[in-house]
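Read the structure below first, then the notes.
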Amino acid sequence: MEWITGPEAAELLAEVEARDPDALSTATWLRERVDPERAAQVAAQVGLRRRARGRFGGLADTLFWTRDGLEQATRPSVATWRAQQLLDQGVRRIVDLGCGLALDARAMAQVGIEVVAVEADETTAAYARANLAGLPAEVIVGDAVALAPQLLTGGTAVFADPARRTARGRSWRIEDLSPPWPVVRDWLADRPGCVKLGPGMAYEHLPAQHSVRWVSDAGDLVECSVWHETHTEPVREGVRLPGSLTLPATGEDLPAGPIGSHLYEPDPAASRAKALGSFAAQGLHRVAPGIAYLTGDAAIDSPWLTRFRVIERLDHRPKALRSWLRANQIGTVEIKVRGLDIDPAQLRRELKPKGPGSATIVLTPTSEGTTALHVERV
């Protein structure tokens with residue numbers, strides 16, 4: 001076991017957190033009790049836990065982290081949703097091939113699924129073991145590809161979260177997955193389970209024989225997942241959390257048309273899943289081909305759409321917008337941009353808003369050319 005996951009370290013972690021972790025006196029106090037290497041481990045773990053609180057709240061202080069593991073960690077709400085989906089599909093035992101810090105495995109074990117987690121790195125495996133303490137799960141140190149044939153037996157389900165980074169950084173190319181996509185696809189071919197992918201994976205590369213779900217959490221698109229479900233026909237759909245709402249893909253796109261009295265910003269999971277066609281019957285169309293803003297004269301209330309009332313159209317050029325802001329004494333301006341090479345933060349600096357008023361401006365291509373829209377949220 002890694003020292004940092006043991007009882008001696010637990011006391012030091014609690015004490016450092018109770019003090020000011022950034023204070024020189026805290027560092028001095030810590031170095032008086034353990035050697036420099038262990039002091040650095042404690043300080044690093046406290047720092048990572050503080051960073052993790054934004055996504056994990058108080059849970060962050062009960063888990064063990066690595067820098068890479070924190071960056072790649074699944075949000076608790078998403079991990080819990082996925083675990084419940086697996087349980088509802090009848091999964092009772094699952095192998096997590098490449099578990100990392102085991103946060104997905106933890107969610108699955110918490111709903112009662114027996115988990116065997118595989119991790120190649122010994123330190124990460126020790127952290128995973130600590131994160132799974134008291135749950136129906138075990139961690140095996142080893143290569144996932146080598147161990148898969150002996151672990152995936154009988155009706156055992158599979159979960160995998162392939163690495164999506166290359167020497168150039170994060171990649172959305174299916175060819176860059178590690179383990180390679182053909183290997184991962186074979187794991188899922190004849191057994192229930194789920195493979196987590198990045199939300200930017202190309203729609204056309206995803207297998208037609210499996211279900212595919214694009215998941216948003218609190219409005220953020222967080223993942224695309226591929227599912228082998230043994231008792232249902234494959235589906236493609238958007239999933240919106242919280243609430244576990246689903247919107248099936250329609251296979252149809254919306255045409256573009258003129259700006260109506262309302263502008264709609266779809267949930268990104270619905271856009272990625274190509275599930276917006278259902279809104280055609282309610283009188284909505286795109287503002288321009290390929291742009292994820294919808295418009296129309298109908299006032300539609302849907303959890304999949306953020307609605308704005310269009311107040312007026314403006315000249316989109318910075319000089320004209322600056323004059324409009326000045327004339328209307330706008331000092332707080334929200335700038336939303338789609339389909340244009342414009343940095344909202346840089347544009348805001350150029351516009352130099354000043355005054356007591358506030359406004360929301362949307363810059364977007366339309367069927368009639370680039371425009372700026374003064375809108376208000378409904």
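Residue numbering restarts at 1 in every chain; chains get A, B, ... in the order shown in the structure tokens, and ligands count up from 1 in that same order.
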
Counting only C-alpha atoms, what is within 9 Å of His374 in chain A, bar same-chain residues fewer than 4 positions away, as a PyMOL selection string? chain A and resi 309-314+359-362

Once you have the residues from the selection above, write them out as an mmCIF file, in the first residue's frame, restricted to C-alpha atoms.
data_model
loop_
_atom_site.group_PDB
_atom_site.id
_atom_site.type_symbol
_atom_site.label_atom_id
_atom_site.label_comp_id
_atom_site.auth_asym_id
_atom_site.auth_seq_id
_atom_site.Cartn_x
_atom_site.Cartn_y
_atom_site.Cartn_z
ATOM 1 C CA ARG A 309 -36.771 36.743 -26.798
ATOM 2 C CA VAL A 310 -35.338 38.629 -29.755
ATOM 3 C CA ILE A 311 -35.569 42.351 -29.015
ATOM 4 C CA GLU A 312 -33.801 43.747 -32.060
ATOM 5 C CA ARG A 313 -31.203 43.073 -34.721
ATOM 6 C CA LEU A 314 -27.974 45.068 -34.593
ATOM 7 C CA ALA A 359 -27.664 43.256 -22.157
ATOM 8 C CA THR A 360 -27.145 39.931 -23.907
ATOM 9 C CA ILE A 361 -25.813 40.016 -27.462
ATOM 10 C CA VAL A 362 -25.739 36.970 -29.756
#

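Using only C-alpha atoms, the shortest contact distance between Thr156 in chain A and any of A:Leu86, A:Ile291, A:Ala79, A:Leu245 is found at A:Leu86.
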
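For the set A:Ala202, A:Val333, A:Leu305, A:Ala14, the residue with the smallest atom-to-atom gap to Arg272 in chain A is A:Ala202, counting only C-alpha atoms.
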
Spatial neighbours of range 321-327 of chain A, max dist 7 Å, only C-alpha atoms, sep filter under 3 positions, as JSON, numbers by chain: {"A": [315, 316, 317, 318, 330, 351, 353, 354]}

Could you please take those selected residues and save N, CA, C and O atoms as a PDB file, in the first residue's frame?
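Below is the file again.pdb, written as the result:
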ATOM      1  N   ASP A 315     -26.231  45.902 -36.018  1.00  0.00           N
ATOM      2  CA  ASP A 315     -25.045  45.798 -36.864  1.00  0.00           C
ATOM      3  C   ASP A 315     -23.970  45.056 -36.060  1.00  0.00           C
ATOM      4  O   ASP A 315     -23.652  45.441 -34.934  1.00  0.00           O
ATOM      5  N   HIS A 316     -23.418  43.985 -36.616  1.00  0.00           N
ATOM      6  CA  HIS A 316     -22.489  43.141 -35.854  1.00  0.00           C
ATOM      7  C   HIS A 316     -21.071  43.696 -35.784  1.00  0.00           C
ATOM      8  O   HIS A 316     -20.252  43.170 -35.029  1.00  0.00           O
ATOM      9  N   ARG A 317     -20.761  44.749 -36.519  1.00  0.00           N
ATOM     10  CA  ARG A 317     -19.395  45.267 -36.526  1.00  0.00           C
ATOM     11  C   ARG A 317     -19.061  45.930 -35.186  1.00  0.00           C
ATOM     12  O   ARG A 317     -19.919  46.592 -34.585  1.00  0.00           O
ATOM     13  N   PRO A 318     -17.832  45.732 -34.691  1.00  0.00           N
ATOM     14  CA  PRO A 318     -17.473  46.239 -33.359  1.00  0.00           C
ATOM     15  C   PRO A 318     -17.750  47.726 -33.165  1.00  0.00           C
ATOM     16  O   PRO A 318     -18.222  48.133 -32.101  1.00  0.00           O
ATOM     17  N   ILE A 330     -24.915  50.641 -21.552  1.00  0.00           N
ATOM     18  CA  ILE A 330     -24.745  49.242 -21.190  1.00  0.00           C
ATOM     19  C   ILE A 330     -23.342  49.024 -20.630  1.00  0.00           C
ATOM     20  O   ILE A 330     -22.350  49.180 -21.342  1.00  0.00           O
ATOM     21  N   LEU A 351     -15.210  46.557 -26.975  1.00  0.00           N
ATOM     22  CA  LEU A 351     -16.446  47.343 -26.900  1.00  0.00           C
ATOM     23  C   LEU A 351     -16.450  48.326 -25.739  1.00  0.00           C
ATOM     24  O   LEU A 351     -17.195  49.310 -25.758  1.00  0.00           O
ATOM     25  N   PRO A 353     -17.685  48.388 -22.559  1.00  0.00           N
ATOM     26  CA  PRO A 353     -19.017  48.717 -22.027  1.00  0.00           C
ATOM     27  C   PRO A 353     -18.912  49.565 -20.765  1.00  0.00           C
ATOM     28  O   PRO A 353     -18.040  49.367 -19.929  1.00  0.00           O
ATOM     29  N   LYS A 354     -19.833  50.524 -20.644  1.00  0.00           N
ATOM     30  CA  LYS A 354     -19.819  51.414 -19.489  1.00  0.00           C
ATOM     31  C   LYS A 354     -21.226  51.928 -19.249  1.00  0.00           C
ATOM     32  O   LYS A 354     -21.886  52.416 -20.165  1.00  0.00           O
TER      33      LYS A 354
END

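Compared by their closest atoms to Gly243 in chain A, and using only C-alpha atoms, the residues A:Leu177, A:Val78, A:Lys196, A:Thr153 rank with A:Val78 nearest.
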
For each of A:Gly57, A:Pro21, A:Gly112, A:Gly69, take the minimum atom-to-atom distance to Gly100 in chain A, counting only C-alpha atoms, then give the residue where this is smallest. A:Gly69

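Rounded to one decimal, CA of Gly369 in chain A and CA of Pro199 in chain A lie 29.3 Å from each other.
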
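Between CA of Ile342 in chain A and CA of Gln329 in chain A there is a distance of 23.2 Å.
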
Please provide the set of residues having any atom within 12 Å of Thr5 in chain A, restricted to only C-alpha atoms, with same-chain residues fewer than 4 positions apart removed, written as a PyMOL selection string. chain A and resi 1+9-13+38+41-42+45+62-65+123-133

Please identify the helix (DSSP H, G or I) residues within range 239-297 of chain A (assignment by DSSP from backbone atoms) and present them as an mmCIF file with N, CA, C and O atoms, in the first residue's frame.
data_model
loop_
_atom_site.group_PDB
_atom_site.id
_atom_site.type_symbol
_atom_site.label_atom_id
_atom_site.label_comp_id
_atom_site.auth_asym_id
_atom_site.auth_seq_id
_atom_site.Cartn_x
_atom_site.Cartn_y
_atom_site.Cartn_z
ATOM 1 N N PRO A 268 -26.421 20.868 -25.520
ATOM 2 C CA PRO A 268 -25.418 20.317 -26.436
ATOM 3 C C PRO A 268 -25.550 18.815 -26.663
ATOM 4 O O PRO A 268 -25.157 18.311 -27.720
ATOM 5 N N ALA A 269 -26.108 18.071 -25.695
ATOM 6 C CA ALA A 269 -26.291 16.637 -25.909
ATOM 7 C C ALA A 269 -27.308 16.383 -27.016
ATOM 8 O O ALA A 269 -27.159 15.455 -27.809
ATOM 9 N N ALA A 270 -28.337 17.210 -27.085
ATOM 10 C CA ALA A 270 -29.339 17.068 -28.140
ATOM 11 C C ALA A 270 -28.738 17.406 -29.504
ATOM 12 O O ALA A 270 -29.022 16.734 -30.505
ATOM 13 N N SER A 271 -27.889 18.418 -29.534
ATOM 14 C CA SER A 271 -27.253 18.793 -30.800
ATOM 15 C C SER A 271 -26.339 17.687 -31.294
ATOM 16 O O SER A 271 -26.372 17.290 -32.465
ATOM 17 N N ARG A 272 -25.480 17.162 -30.404
ATOM 18 C CA ARG A 272 -24.527 16.130 -30.788
ATOM 19 C C ARG A 272 -25.225 14.844 -31.216
ATOM 20 O O ARG A 272 -24.758 14.133 -32.106
ATOM 21 N N LEU A 276 -32.443 17.158 -32.845
ATOM 22 C CA LEU A 276 -33.202 18.406 -32.886
ATOM 23 C C LEU A 276 -34.351 18.379 -33.884
ATOM 24 O O LEU A 276 -35.191 19.267 -33.885
ATOM 25 N N GLY A 277 -34.395 17.349 -34.734
ATOM 26 C CA GLY A 277 -35.429 17.295 -35.763
ATOM 27 C C GLY A 277 -36.836 17.283 -35.199
ATOM 28 O O GLY A 277 -37.784 17.705 -35.865
ATOM 29 N N SER A 278 -36.977 16.817 -33.950
ATOM 30 C CA SER A 278 -38.314 16.763 -33.346
ATOM 31 C C SER A 278 -38.923 18.142 -33.141
ATOM 32 O O SER A 278 -40.137 18.267 -32.967
ATOM 33 N N PHE A 279 -38.088 19.189 -33.160
ATOM 34 C CA PHE A 279 -38.615 20.536 -32.940
ATOM 35 C C PHE A 279 -39.144 21.183 -34.219
ATOM 36 O O PHE A 279 -39.712 22.274 -34.172
ATOM 37 N N ALA A 280 -38.976 20.508 -35.368
ATOM 38 C CA ALA A 280 -39.513 21.053 -36.618
ATOM 39 C C ALA A 280 -41.026 21.157 -36.555
ATOM 40 O O ALA A 280 -41.628 22.128 -37.043
ATOM 41 N N ALA A 281 -41.648 20.168 -35.919
ATOM 42 C CA ALA A 281 -43.110 20.171 -35.828
ATOM 43 C C ALA A 281 -43.627 21.316 -34.972
ATOM 44 O O ALA A 281 -44.819 21.650 -35.031
ATOM 45 N N GLN A 282 -42.750 21.920 -34.163
ATOM 46 C CA GLN A 282 -43.154 23.044 -33.321
ATOM 47 C C GLN A 282 -42.779 24.383 -33.945
ATOM 48 O O GLN A 282 -42.826 25.412 -33.276
#

Pick the closest to Leu188 in chain A from A:Cys224, A:Val118, A:Val139, A:Ile94: which is it, counting only C-alpha atoms? A:Ile94

When you look at Asp217 in chain A with a cut-off of 9 Å (counting only C-alpha atoms), what residues show up, excluding the ones that are within fewer than 3 positions of it in the same chain? I need them as a ChimeraX atom specification. /A:75,77-78,220-222,239-242

Since we have the selection now, will you write its residues out, keeping all heavy atoms, as a CSV table (one decimal), in the first residue's frame?
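Final output, result05.csv:
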chain,number,residue,atom,x,y,z
A,75,ARG,N,-17.6,13.1,-13.6
A,75,ARG,CA,-18.4,13.8,-12.6
A,75,ARG,C,-19.2,12.8,-11.8
A,75,ARG,O,-19.8,11.8,-12.4
A,75,ARG,CB,-19.3,14.8,-13.2
A,75,ARG,CG,-18.6,15.9,-14.0
A,75,ARG,CD,-19.6,16.9,-14.5
A,75,ARG,NE,-19.0,18.0,-15.3
A,75,ARG,CZ,-19.5,19.1,-15.7
A,75,ARG,NH1,-20.8,19.4,-15.2
A,75,ARG,NH2,-18.9,20.0,-16.4
A,77,SER,N,-22.3,12.8,-10.7
A,77,SER,CA,-23.6,12.7,-11.3
A,77,SER,C,-23.6,11.8,-12.5
A,77,SER,O,-24.6,11.0,-12.7
A,77,SER,CB,-24.2,14.1,-11.6
A,77,SER,OG,-23.4,14.8,-12.5
A,78,VAL,N,-22.6,11.9,-13.3
A,78,VAL,CA,-22.6,11.1,-14.6
A,78,VAL,C,-22.2,9.7,-14.2
A,78,VAL,O,-22.8,8.7,-14.8
A,78,VAL,CB,-21.6,11.7,-15.6
A,78,VAL,CG1,-21.5,10.9,-16.8
A,78,VAL,CG2,-21.9,13.1,-15.9
A,220,ASP,N,-23.4,21.2,-19.6
A,220,ASP,CA,-22.1,21.0,-20.1
A,220,ASP,C,-22.1,19.6,-20.8
A,220,ASP,O,-22.4,18.6,-20.2
A,220,ASP,CB,-21.0,21.0,-19.1
A,220,ASP,CG,-20.8,22.3,-18.4
A,220,ASP,OD1,-21.1,23.3,-19.1
A,220,ASP,OD2,-20.5,22.4,-17.2
A,221,LEU,N,-21.6,19.5,-22.1
A,221,LEU,CA,-21.5,18.3,-22.8
A,221,LEU,C,-20.3,17.6,-22.2
A,221,LEU,O,-19.1,18.1,-22.3
A,221,LEU,CB,-21.4,18.5,-24.3
A,221,LEU,CG,-21.3,17.2,-25.1
A,221,LEU,CD1,-22.7,16.5,-25.0
A,221,LEU,CD2,-21.0,17.6,-26.6
A,222,VAL,N,-20.4,16.4,-21.6
A,222,VAL,CA,-19.3,15.8,-20.9
A,222,VAL,C,-18.8,14.5,-21.5
A,222,VAL,O,-17.6,14.1,-21.3
A,222,VAL,CB,-19.7,15.5,-19.4
A,222,VAL,CG1,-19.8,16.8,-18.7
A,222,VAL,CG2,-20.9,14.7,-19.3
A,239,VAL,N,-28.8,12.6,-23.6
A,239,VAL,CA,-29.2,12.4,-22.2
A,239,VAL,C,-28.8,13.7,-21.4
A,239,VAL,O,-27.7,14.2,-21.5
A,239,VAL,CB,-28.4,11.2,-21.5
A,239,VAL,CG1,-28.8,11.1,-20.0
A,239,VAL,CG2,-28.7,10.0,-22.3
A,240,ARG,N,-29.8,14.2,-20.7
A,240,ARG,CA,-29.6,15.5,-20.0
A,240,ARG,C,-29.7,15.2,-18.4
A,240,ARG,O,-30.7,14.7,-18.0
A,240,ARG,CB,-30.7,16.5,-20.4
A,240,ARG,CG,-30.6,17.8,-19.7
A,240,ARG,CD,-31.7,18.8,-20.2
A,240,ARG,NE,-31.5,20.1,-19.6
A,240,ARG,CZ,-32.0,20.5,-18.5
A,240,ARG,NH1,-32.7,19.6,-17.7
A,240,ARG,NH2,-31.9,21.7,-18.1
A,241,LEU,N,-28.6,15.6,-17.8
A,241,LEU,CA,-28.5,15.4,-16.3
A,241,LEU,C,-28.5,16.9,-15.7
A,241,LEU,O,-28.0,17.8,-16.3
A,241,LEU,CB,-27.3,14.7,-15.9
A,241,LEU,CG,-27.2,13.2,-16.4
A,241,LEU,CD1,-25.8,12.6,-16.0
A,241,LEU,CD2,-28.3,12.4,-16.0
A,242,PRO,N,-29.0,17.0,-14.5
A,242,PRO,CA,-29.8,16.1,-13.7
A,242,PRO,C,-31.1,15.8,-14.3
A,242,PRO,O,-31.6,16.5,-15.1
A,242,PRO,CB,-29.8,16.7,-12.3
A,242,PRO,CG,-29.8,18.2,-12.6
A,242,PRO,CD,-28.9,18.3,-13.8

Write out as a PyMOL selection string each polymer residue whose atoms come within 9 Å of Ala288 in chain A, counting only C-alpha atoms; drop sequence neighbours fewer than 4 positions from it. chain A and resi 255-258+292-294+364-369

Can those selected residues be exported to a file as a PDB file, in the first residue's frame so that it contains C-alpha atoms?
ATOM      1  CA  PRO A 255     -33.610  23.512 -42.329  1.00  0.00           C
ATOM      2  CA  ALA A 256     -32.383  27.091 -41.988  1.00  0.00           C
ATOM      3  CA  GLY A 257     -34.738  30.035 -42.068  1.00  0.00           C
ATOM      4  CA  PRO A 258     -35.237  33.676 -41.051  1.00  0.00           C
ATOM      5  CA  ALA A 292     -26.765  25.164 -33.221  1.00  0.00           C
ATOM      6  CA  TYR A 293     -29.138  28.057 -32.679  1.00  0.00           C
ATOM      7  CA  LEU A 294     -32.798  27.519 -33.455  1.00  0.00           C
ATOM      8  CA  THR A 364     -24.173  34.299 -35.333  1.00  0.00           C
ATOM      9  CA  PRO A 365     -24.314  33.522 -39.033  1.00  0.00           C
ATOM     10  CA  THR A 366     -27.896  33.557 -40.335  1.00  0.00           C
ATOM     11  CA  SER A 367     -29.523  32.688 -43.628  1.00  0.00           C
ATOM     12  CA  GLU A 368     -29.212  36.414 -44.418  1.00  0.00           C
ATOM     13  CA  GLY A 369     -25.576  36.820 -43.345  1.00  0.00           C
TER      14      GLY A 369
END
